[in-house]
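Listing of model-v4.csv; format and content: CSV, C-alpha atoms.
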chain,number,residue,atom,x,y,z
A,1,MET,CA,146.2,21.9,132.6
A,2,PRO,CA,143.0,23.8,133.5
A,3,SER,CA,142.9,27.5,132.9
A,4,THR,CA,143.6,29.8,135.8
A,5,ASP,CA,141.3,32.6,136.9
A,6,THR,CA,143.9,35.1,135.6
A,7,GLU,CA,143.9,33.4,132.2
A,8,THR,CA,140.1,33.4,131.8
A,9,SER,CA,139.4,36.9,133.2
A,10,LEU,CA,141.9,38.9,131.2
A,11,ARG,CA,140.3,41.8,129.4
A,12,ILE,CA,142.5,44.0,127.2
A,13,PRO,CA,141.2,47.3,125.7
A,14,VAL,CA,141.8,47.1,122.0
A,15,SER,CA,141.1,48.8,118.7
A,16,LEU,CA,139.9,46.6,115.8
A,17,THR,CA,141.2,46.8,112.2
A,18,THR,CA,141.6,44.3,109.3
A,19,THR,CA,144.5,43.2,107.1
A,20,GLN,CA,144.3,44.8,103.7
A,21,SER,CA,145.1,41.6,101.7
A,22,ASN,CA,142.6,39.1,103.1
A,23,LYS,CA,140.5,41.1,105.5
A,24,ILE,CA,141.5,39.2,108.6
A,25,LEU,CA,140.2,40.9,111.7
A,26,MET,CA,143.0,42.2,114.0
A,27,ALA,CA,143.1,43.5,117.6
A,28,VAL,CA,145.6,46.2,118.5
A,29,GLY,CA,146.5,46.9,122.1
A,30,ILE,CA,149.0,46.5,125.0
A,31,ILE,CA,149.6,43.4,126.9
A,32,THR,CA,151.7,42.8,130.1
A,33,ALA,CA,154.6,40.4,130.0
A,34,GLY,CA,152.9,38.3,132.7
A,35,ASP,CA,149.8,37.8,130.7
A,36,LEU,CA,151.7,37.2,127.5
A,37,VAL,CA,154.1,34.5,128.8
A,38,GLN,CA,151.2,32.5,130.3
A,39,ARG,CA,149.5,31.9,127.0
A,40,HIS,CA,152.0,32.3,124.2
A,41,GLU,CA,153.1,29.6,121.8
A,42,VAL,CA,155.9,29.7,119.2
A,43,PRO,CA,155.1,27.7,116.0
A,44,THR,CA,158.6,26.5,115.5
A,45,ARG,CA,159.4,25.0,112.1
A,46,ASP,CA,159.2,21.2,111.8
A,47,THR,CA,160.6,20.3,108.4
A,48,ARG,CA,159.6,16.6,108.7
A,49,ASN,CA,155.9,17.3,109.3
A,50,LYS,CA,156.0,20.5,107.2
A,51,SER,CA,154.4,22.5,110.1
A,52,GLY,CA,155.4,25.8,111.8
A,53,TYR,CA,157.6,28.4,110.4
A,54,GLN,CA,159.7,30.0,113.2
A,55,ARG,CA,163.4,29.3,113.3
A,56,ASP,CA,165.0,28.3,116.6
A,57,VAL,CA,165.6,31.1,119.1
A,58,SER,CA,169.1,32.5,119.2
A,59,THR,CA,170.2,32.2,122.8
A,60,SER,CA,172.9,34.8,122.5
A,61,ARG,CA,170.4,37.3,121.1
A,62,VAL,CA,167.9,36.6,123.9
A,63,ASN,CA,170.7,36.9,126.5
A,64,ARG,CA,171.7,40.3,125.1
A,65,LEU,CA,168.1,41.6,125.1
A,66,ILE,CA,167.6,40.4,128.7
A,67,LYS,CA,170.7,42.2,129.8
A,68,ASP,CA,169.7,45.4,128.0
A,69,LEU,CA,166.2,45.3,129.5
A,70,GLN,CA,167.6,44.7,133.0
A,71,GLN,CA,169.9,47.7,132.5
A,72,ARG,CA,167.0,49.8,131.3
A,73,SER,CA,169.0,50.6,128.1
A,74,VAL,CA,166.3,49.5,125.7
A,75,ASP,CA,162.5,49.5,125.4
A,76,LEU,CA,160.3,47.3,123.3
A,77,PRO,CA,158.3,49.9,121.4
A,78,THR,CA,157.5,47.9,118.3
A,79,ALA,CA,154.4,45.7,118.3
A,80,LEU,CA,154.5,41.9,118.5
A,81,LEU,CA,152.5,40.1,115.8
A,82,LEU,CA,150.3,37.4,117.3
A,83,ASN,CA,147.4,35.3,116.3
A,84,ILE,CA,144.6,33.4,118.0
A,85,ARG,CA,143.6,30.5,115.7
A,86,ASN,CA,140.3,29.2,117.1
A,87,PHE,CA,138.8,32.7,117.3
A,88,ASN,CA,135.2,33.0,118.5
A,89,ARG,CA,133.9,36.6,118.4
A,90,LYS,CA,131.4,36.0,121.2
A,91,THR,CA,134.1,34.5,123.4
A,92,HIS,CA,137.2,36.6,122.6
A,93,LEU,CA,135.7,40.0,122.0
A,94,VAL,CA,133.5,42.0,124.4
A,95,GLU,CA,131.7,45.2,123.4
A,96,GLU,CA,131.0,47.4,126.5
A,97,ASN,CA,130.2,51.1,126.8
A,98,SER,CA,131.5,51.9,123.3
A,99,SER,CA,134.8,50.1,124.1
A,100,THR,CA,136.1,46.8,122.8
A,101,PHE,CA,138.0,44.3,124.9
A,102,PHE,CA,140.1,41.4,123.8
A,103,CYS,CA,139.5,38.3,126.0
A,104,PRO,CA,141.8,35.5,125.0
A,105,GLY,CA,140.8,33.3,127.9
A,106,GLY,CA,142.8,30.1,127.9
A,107,ALA,CA,143.5,30.2,124.1
A,108,LYS,CA,147.1,30.2,122.9
A,109,LEU,CA,148.5,33.3,121.3
A,110,GLN,CA,150.7,32.2,118.4
A,111,VAL,CA,153.9,34.4,118.1
A,112,VAL,CA,154.1,35.3,114.4
A,113,ASP,CA,156.8,37.9,114.8
A,114,GLY,CA,158.7,38.8,117.9
A,115,GLN,CA,159.8,35.5,119.4
A,116,HIS,CA,163.1,36.8,120.7
A,117,ARG,CA,161.3,39.5,122.6
A,118,VAL,CA,158.8,37.0,124.0
A,119,ALA,CA,161.6,34.6,125.0
A,120,ALA,CA,163.4,37.3,126.9
A,121,LEU,CA,160.3,38.4,128.7
A,122,ASP,CA,159.5,34.8,129.5
A,123,ARG,CA,162.8,34.3,131.3
A,124,LEU,CA,162.6,37.7,133.1
A,125,VAL,CA,159.1,36.9,134.4
A,126,ALA,CA,160.3,33.5,135.5
A,127,GLU,CA,163.3,35.0,137.4
A,128,ASP,CA,161.4,37.9,139.0
A,129,ALA,CA,157.7,37.9,138.4
A,130,GLY,CA,157.1,40.8,140.8
A,131,LEU,CA,159.3,43.1,138.8
A,132,TRP,CA,158.6,42.0,135.2
A,133,SER,CA,155.0,40.7,135.1
A,134,SER,CA,153.7,44.2,134.7
A,135,PHE,CA,156.1,45.2,131.9
A,136,LYS,CA,153.9,46.4,129.0
A,137,ILE,CA,154.4,45.6,125.3
A,138,PRO,CA,152.3,46.6,122.3
A,139,PHE,CA,150.8,43.9,120.1
A,140,VAL,CA,148.8,43.3,117.0
A,141,CYS,CA,146.8,40.1,117.2
A,142,MET,CA,145.2,38.5,114.2
A,143,LEU,CA,141.8,37.0,115.0
A,144,GLY,CA,141.2,33.6,113.4
A,145,ALA,CA,144.1,33.4,110.9
A,146,ASN,CA,145.2,29.8,110.1
A,147,GLU,CA,148.7,28.6,110.1
A,148,ARG,CA,149.2,29.3,106.4
A,149,GLN,CA,148.1,32.9,106.8
A,150,GLU,CA,150.4,33.2,109.8
A,151,MET,CA,153.2,31.9,107.6
A,152,GLU,CA,152.4,34.4,104.9
A,153,GLN,CA,152.6,37.3,107.4
A,154,PHE,CA,155.8,35.9,108.8
A,155,TYR,CA,157.3,35.7,105.3
A,156,VAL,CA,156.3,39.3,104.5
A,157,VAL,CA,157.6,40.8,107.7
A,158,ASN,CA,161.0,38.9,107.5
A,159,SER,CA,161.6,39.1,103.7
A,160,THR,CA,160.6,42.7,102.9
A,161,ALA,CA,161.8,44.5,106.0
A,162,LYS,CA,164.8,46.6,105.1
A,163,SER,CA,167.6,46.5,107.6
A,164,VAL,CA,169.3,49.7,108.6
A,165,ARG,CA,172.4,50.5,106.5
A,166,THR,CA,175.6,49.8,108.4
A,167,ASP,CA,176.9,53.4,107.9
A,168,LEU,CA,173.7,54.8,109.3
A,169,ALA,CA,173.6,52.3,112.2
A,170,LEU,CA,177.2,53.3,113.2
A,171,ASP,CA,176.4,57.0,112.9
A,172,LEU,CA,173.3,56.5,115.2
A,173,LEU,CA,175.3,54.3,117.6
A,174,LYS,CA,177.9,57.0,118.0
A,175,GLN,CA,175.3,59.6,118.7
A,176,ARG,CA,173.5,57.4,121.3
A,177,ALA,CA,176.8,56.5,123.0
A,178,GLU,CA,177.8,60.2,123.3
A,179,SER,CA,174.4,61.1,124.9
A,180,ASP,CA,173.8,58.1,127.1
A,181,PRO,CA,176.6,56.6,129.2
A,182,LYS,CA,174.7,53.4,129.6
A,183,VAL,CA,175.0,52.7,125.9
A,184,MET,CA,178.7,53.1,126.0
A,185,SER,CA,178.9,50.9,129.1
A,186,ALA,CA,177.0,48.2,127.3
A,187,LEU,CA,179.3,48.5,124.3
A,188,LEU,CA,182.4,48.1,126.5
A,189,GLU,CA,180.9,45.0,128.0
A,190,ARG,CA,180.4,43.5,124.6
A,191,GLY,CA,183.7,44.5,123.3
A,192,GLU,CA,182.1,46.9,120.7
A,193,ALA,CA,183.2,50.3,122.0
A,194,TRP,CA,185.8,50.4,119.1
A,195,LYS,CA,182.9,51.1,116.7
A,196,VAL,CA,182.2,54.5,118.4
A,197,VAL,CA,185.8,55.4,118.5
A,198,ALA,CA,186.3,54.4,114.8
A,199,GLN,CA,183.2,56.3,113.7
A,200,THR,CA,184.6,59.4,115.4
A,201,ILE,CA,188.0,58.9,113.7
A,202,VAL,CA,186.4,58.5,110.3
A,203,GLU,CA,184.4,61.7,110.7
A,204,LYS,CA,187.6,63.6,111.5
A,205,LEU,CA,189.6,61.9,108.9
A,206,ALA,CA,187.1,63.2,106.3
A,207,ASN,CA,188.5,66.7,106.9
A,208,THR,CA,192.1,65.7,106.1
A,209,PRO,CA,193.6,66.5,102.7
A,210,VAL,CA,193.9,62.9,101.5
A,211,TRP,CA,190.3,62.0,102.4
A,212,GLN,CA,188.3,65.2,102.0
A,213,GLY,CA,185.3,64.6,99.7
A,214,ARG,CA,186.1,60.9,99.3
A,215,ILE,CA,184.2,59.3,102.2
A,216,ARG,CA,180.5,58.4,101.7
A,217,PHE,CA,178.4,59.2,104.8
A,218,PRO,CA,174.8,58.1,105.4
A,219,LEU,CA,172.1,60.1,103.7
A,220,ASN,CA,174.6,62.5,102.1
A,221,ASP,CA,175.2,63.0,98.4
A,222,GLY,CA,177.6,60.2,97.5
A,223,ARG,CA,178.7,61.5,94.2
A,224,ASN,CA,182.5,61.5,93.7
A,225,THR,CA,183.0,59.5,96.9
A,226,ILE,CA,185.0,56.3,96.7
A,227,VAL,CA,184.5,54.5,100.1
A,228,SER,CA,181.7,54.2,102.6
A,229,SER,CA,182.2,55.4,106.1
A,230,SER,CA,181.3,52.0,107.4
A,231,GLY,CA,184.1,50.5,105.2
A,232,LEU,CA,186.6,52.8,106.8
A,233,VAL,CA,185.2,52.1,110.3
A,234,SER,CA,185.6,48.3,109.8
A,235,SER,CA,189.2,48.8,108.6
A,236,LEU,CA,190.2,50.4,111.9
A,237,LYS,CA,189.1,47.5,114.1
A,238,LYS,CA,192.5,45.7,114.2
A,239,LEU,CA,194.4,48.9,114.6
A,240,LEU,CA,192.2,50.0,117.5
A,241,GLY,CA,192.8,46.6,119.1
A,242,THR,CA,196.6,47.3,119.5
A,243,PRO,CA,197.8,48.7,122.8
A,244,TYR,CA,199.8,51.5,121.3
A,245,PHE,CA,197.3,53.0,118.8
A,246,ASN,CA,194.3,52.5,121.2
A,247,GLY,CA,196.3,54.1,124.0
A,248,VAL,CA,197.2,57.4,122.3
A,249,SER,CA,194.8,60.4,122.4
A,250,ALA,CA,192.1,60.8,119.7
A,251,GLU,CA,194.0,63.8,118.4
A,252,ASN,CA,197.1,61.9,117.9
A,253,GLN,CA,195.3,59.0,116.3
A,254,ILE,CA,194.1,61.4,113.6
A,255,LYS,CA,197.7,62.8,113.3
A,256,ILE,CA,199.1,59.3,112.8
A,257,LEU,CA,196.5,58.4,110.1
A,258,ASP,CA,196.8,61.7,108.4
A,259,ALA,CA,200.6,61.4,108.2
A,260,TYR,CA,200.4,57.8,107.1
A,261,TRP,CA,198.1,58.5,104.2
A,262,LYS,CA,200.1,61.5,103.1
A,263,GLY,CA,203.2,59.3,103.1
A,264,ILE,CA,201.4,56.7,101.0
A,265,ARG,CA,200.2,59.4,98.6
A,266,LYS,CA,203.8,60.6,98.1
A,267,VAL,CA,204.8,57.1,97.0
A,268,LEU,CA,201.8,56.4,94.8
A,269,PRO,CA,200.6,59.9,93.6
A,270,ASP,CA,198.8,58.5,90.5
A,271,ALA,CA,196.5,56.4,92.7
A,272,PHE,CA,195.4,59.5,94.6
A,273,ASP,CA,195.1,61.9,91.6
A,274,VAL,CA,192.2,59.8,90.1
A,275,PRO,CA,191.1,57.7,93.1
A,276,SER,CA,188.1,56.2,91.4
A,277,MET,CA,190.4,54.3,89.0
A,278,TYR,CA,192.4,52.7,91.8
A,279,VAL,CA,191.4,50.6,94.9
A,280,ILE,CA,193.8,51.8,97.5
A,281,GLN,CA,191.3,54.2,99.0
A,282,LYS,CA,188.4,51.8,98.6
A,283,SER,CA,187.4,49.0,101.0
A,284,THR,CA,190.1,46.5,100.0
A,285,GLY,CA,192.8,49.1,100.1
A,286,VAL,CA,191.9,50.7,103.4
A,287,MET,CA,191.5,47.3,105.1
A,288,VAL,CA,195.0,46.2,103.9
A,289,MET,CA,196.7,49.5,104.6
A,290,HIS,CA,195.3,50.0,108.0
A,291,HIS,CA,196.3,46.5,109.0
A,292,LEU,CA,199.7,47.1,107.6
A,293,LEU,CA,200.0,50.3,109.7
A,294,ILE,CA,200.2,48.1,112.8
A,295,HIS,CA,203.5,46.8,111.6
A,296,VAL,CA,204.8,50.1,110.2
A,297,LEU,CA,204.2,51.7,113.6
A,298,GLU,CA,206.2,49.0,115.3
A,299,TYR,CA,209.1,49.6,112.9
A,300,LEU,CA,209.1,53.4,113.2
A,301,ARG,CA,209.0,53.3,117.0
A,302,SER,CA,211.8,50.7,117.1
A,303,VAL,CA,214.1,53.1,115.1
A,304,GLY,CA,213.0,56.2,117.0
A,305,LYS,CA,211.2,57.9,114.1
A,306,SER,CA,208.2,60.2,114.5
A,307,VAL,CA,204.8,58.5,113.9
A,308,ILE,CA,203.2,61.8,112.9
A,309,ASP,CA,205.8,62.7,110.2
A,310,PRO,CA,204.6,61.9,106.6
A,311,GLU,CA,208.2,61.7,105.4
A,312,ALA,CA,208.9,58.8,107.8
A,313,TYR,CA,206.1,56.8,106.3
A,314,THR,CA,207.2,57.6,102.8
A,315,LYS,CA,210.7,56.3,103.5
A,316,VAL,CA,209.5,53.1,105.0
A,317,LEU,CA,206.8,52.4,102.4
A,318,ASP,CA,208.6,53.5,99.3
A,319,LYS,CA,210.3,50.1,98.5
A,320,PRO,CA,207.3,47.9,99.6
A,321,LEU,CA,204.7,49.8,97.6
A,322,GLU,CA,206.9,50.4,94.5
A,323,SER,CA,208.1,46.8,94.3
A,324,LEU,CA,204.7,45.2,95.1
A,325,GLN,CA,203.5,43.3,92.0
A,326,GLY,CA,200.8,40.8,91.0
A,327,ASP,CA,199.1,39.2,88.1
A,328,THR,CA,196.2,41.0,86.4
A,329,SER,CA,193.1,39.3,85.2
A,330,ALA,CA,194.3,40.2,81.6
A,331,GLY,CA,197.3,38.0,82.1
A,332,GLY,CA,199.8,40.8,82.6
A,333,LEU,CA,202.0,41.9,85.5
A,334,ALA,CA,201.1,45.0,87.5
A,335,GLN,CA,203.6,46.8,89.8
A,336,GLY,CA,203.6,50.0,91.9
A,337,SER,CA,200.7,52.2,91.3
A,338,ASP,CA,199.5,49.9,88.6
A,339,PHE,CA,199.1,47.1,91.1
A,340,TRP,CA,196.2,49.1,92.7
A,341,LYS,CA,194.4,49.9,89.5
A,342,ALA,CA,190.7,48.9,89.4
A,343,GLY,CA,189.5,46.4,86.9
A,344,HIS,CA,191.5,44.1,84.6
A,345,GLU,CA,194.5,46.4,84.4
A,346,GLY,CA,195.3,46.0,88.2
A,347,ALA,CA,196.1,43.1,90.5
A,348,ALA,CA,194.7,44.3,93.8
A,349,GLY,CA,191.2,43.1,92.9
A,350,SER,CA,192.2,39.5,93.2
A,351,PHE,CA,192.9,40.1,96.9
A,352,SER,CA,189.4,41.5,97.8
A,353,SER,CA,188.3,38.5,99.8
A,354,ASN,CA,189.1,38.2,103.5
A,355,SER,CA,191.7,35.5,102.8
A,356,GLY,CA,193.0,37.5,99.9
A,357,GLN,CA,193.5,40.6,102.1
A,358,ARG,CA,195.4,38.5,104.6
A,359,VAL,CA,197.7,37.3,101.8
A,360,LEU,CA,198.3,40.8,100.6
A,361,ILE,CA,199.0,42.1,104.1
A,362,GLU,CA,201.6,39.4,104.5
A,363,LYS,CA,203.2,40.2,101.1
A,364,LEU,CA,203.5,43.9,102.1
A,365,ARG,CA,204.7,43.0,105.6
A,366,GLY,CA,207.4,40.8,104.1
A,367,LEU,CA,208.7,43.8,102.1
A,368,LEU,CA,209.0,46.1,105.2
A,369,PRO,CA,212.3,46.6,106.9
A,370,PRO,CA,212.7,44.4,110.0
A,371,VAL,CA,211.8,45.8,113.4
A,372,GLU,CA,214.9,46.9,115.3
A,373,VAL,CA,215.5,45.3,118.7
A,374,GLU,CA,217.8,46.9,121.3
Turn the structure described in the file into C-alpha cells.
Amino acid sequence: MPSTDTETSLRIPVSLTTTQSNKILMAVGIITAGDLVQRHEVPTRDTRNKSGYQRDVSTSRVNRLIKDLQQRSVDLPTALLLNIRNFNRKTHLVEENSSTFFCPGGAKLQVVDGQHRVAALDRLVAEDAGLWSSFKIPFVCMLGANERQEMEQFYVVNSTAKSVRTDLALDLLKQRAESDPKVMSALLERGEAWKVVAQTIVEKLANTPVWQGRIRFPLNDGRNTIVSSSGLVSSLKKLLGTPYFNGVSAENQIKILDAYWKGIRKVLPDAFDVPSMYVIQKSTGVMVMHHLLIHVLEYLRSVGKSVIDPEAYTKVLDKPLESLQGDTSAGGLAQGSDFWKAGHEGAAGSFSSNSGQRVLIEKLRGLLPPVEVE
C-alpha cells in the first residue's frame, strides 16, 4: 500500500539522546494516537522461525484499558519504547532553526514496550477517529536498532522492572478510591471494590488489642510484625462476599472481627503470647480463621447469640480449636495450641497451600456445632 500524505509529512519535535550501553541514537517526543496506529508494528514472537519477542496481546487487559480510557479514569504518562529499523538520518531527522524533528515517513515503528497501550489506542481510533486520533502519548524511539538490540531492551524492561508491592498497591488503591468516585465505580464494575473495604478494615483492625503492632504495612518498620496487611486483606475476600457481613456497617464489621479474635485468643492464649512462634496470626491462620468465621456467624445467629460478644466465640470455638490435631513434620501429633506452632513442632504448616487451607477449613467446620434451624 502506498504511503499517504499524512504518513510522509509527519514531523514530530524531539530531543535526541543515546543509550548508555551501545550508544544507539534515540528520539524522545510525543506522538498522537492517530499517527502511531497508522505506522506501528508489533514484533510478535515466532518460535518456529526464532524471530520477534513480544508475547500475544492479552485481550482482557486491552479491554480494561479501553474502558478506563473511555471513562477518563487513567492517563498514559509513561513513554512507549519504539524503534525504526531502517533508519536514515537524512530522511528521518530534520534540523531546522535549532530544533530537531522526527520524520518517520512510511517506515514502520516497532513497538518494543507498550503493546497493550498501542492495541487499546488502535481500537479506540478505529471506533472513533475524530475523538481519539489526537490523543497524545510520550515515546522514546530508538533510531536504527536491529531486532536483536530491540530484544535486549525488551528483556531489560520486562525482567528488571520491579512491580509494586501488593500491600503498597492496596494502600494506594484505597486512597485513590476515597478521593475519586470514578475509581470506586470502576472497581465496582470489575467486582474489586472489596479490596478497598478490606484495606479499610485492616487499617482499623491494627488498632485492636489482638492485632496492635502485629500487622506489617507498606514502607513502615516491619520489626516484630507477623503478617502483611495484604495477607490480611486477601483473607477477608470470602467473608466480604457474604450477604450478612458485607451488609453490616463498617463499625460493626470491626466489632465482629475484634470479638472473634478475642474469643480465639481466650481459647489459645499461648499462640498469642508469642505470636511469632505460631501461625494462627500469619497468612495461613488468618485465611483459615476468616473463612471459618462465615460458618461461626451462621451458627451464632441461628441460636440468637451476639456476634460482637467475645465470650460467644470462645464457647463455640473452644472444642474445635482444642480438639484440632494433626501430624507434625517430625512424626509427632500436635493438638490445640501446639497444632498452630510454626516449624516442625506444629501441624498447621502442612496446610499452607490453597488446597491445604480448604482441607483445614473443612476439618474445623466439621468440629463446629450444627446450625440450628427453626
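CA of Ile66 (chain A) is positioned 8.2 Å from CA of Arg123 (chain A).
The space between CA of Leu187 (chain A) and CA of Arg117 (chain A) spans 20.2 Å.
When all atoms listed in the file are used to compute distances to Leu69 (chain A), the closest of the residues A:Ser302, A:Ala120, A:Thr225, A:Gly366 turns out to be A:Ala120.
Note that CA of Ala259 (chain A) and CA of Val288 (chain A) are 16.8 Å apart.
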request  = Excluding Asp35 (chain A) and residues on its chain fewer than 4 positions from it, collect all residues at most 12 Å away from it, counting all atoms listed in the file, and give them as an MDAnalysis selection string.
outcome  = chainID A and resid 4:12 30:31 39:40 103:109 118 121:122 125 129 132:137
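Between Gly29 (chain A) and the candidates A:Leu80, A:Ala126, A:Ala334, A:Val140, the tightest atom-to-atom separation, counting all atoms listed in the file, involves A:Val140.
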request  = Skip region 42-49 of chain A itself and residues of its chain fewer than 4 positions away, then list as an MDAnalysis selection string all residues within 8 Å of it, counting only C-alpha atoms.
outcome  = chainID A and resid 53:56 110:112 115
message = When you look at region 16-21 of chain A with a cut-off of 12 Å (counting only C-alpha atoms), what residues show up, excluding the ones that are within fewer than 3 positions of it in the same chain? I need them as a count of residues only.
response = 27
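Candidate residues A:Thr328, A:Ala198, A:Glu298, A:Arg190 were compared for distance to Arg64 (chain A), and the nearest is A:Arg190, using only C-alpha atoms.
Of the residues under consideration (A:Lys315, A:Ser350, A:Gln335, A:Gly231), A:Lys315 shows the shortest atom-to-atom contact distance to Pro369 (chain A) when counting only C-alpha atoms.
The residue set within 10 Å of Leu232 (chain A), counting all atoms listed in the file and dropping same-chain residues fewer than 3 places from it, reads Asp167, Ala198, Gln199, Ile201, Val202, Glu203, Leu205, Ile215, Arg216, Val227, Ser228, Ser229, Ser235, Leu236, Lys237, Gln281, Lys282, Ser283, Thr284, Gly285, Val286, Met287 and His290 of chain A.
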query = Pick from A:Ala193, A:Val307, A:Thr242, A:Met289: nearest to Gln357 (chain A), with all atoms listed in the file counted?
reply = A:Met289
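Each of A:Thr314, A:Ser329, A:Ser185, A:Asn146 was checked against Phe351 (chain A) using all atoms listed in the file; the smallest atom-to-atom distance is that of A:Ser329.
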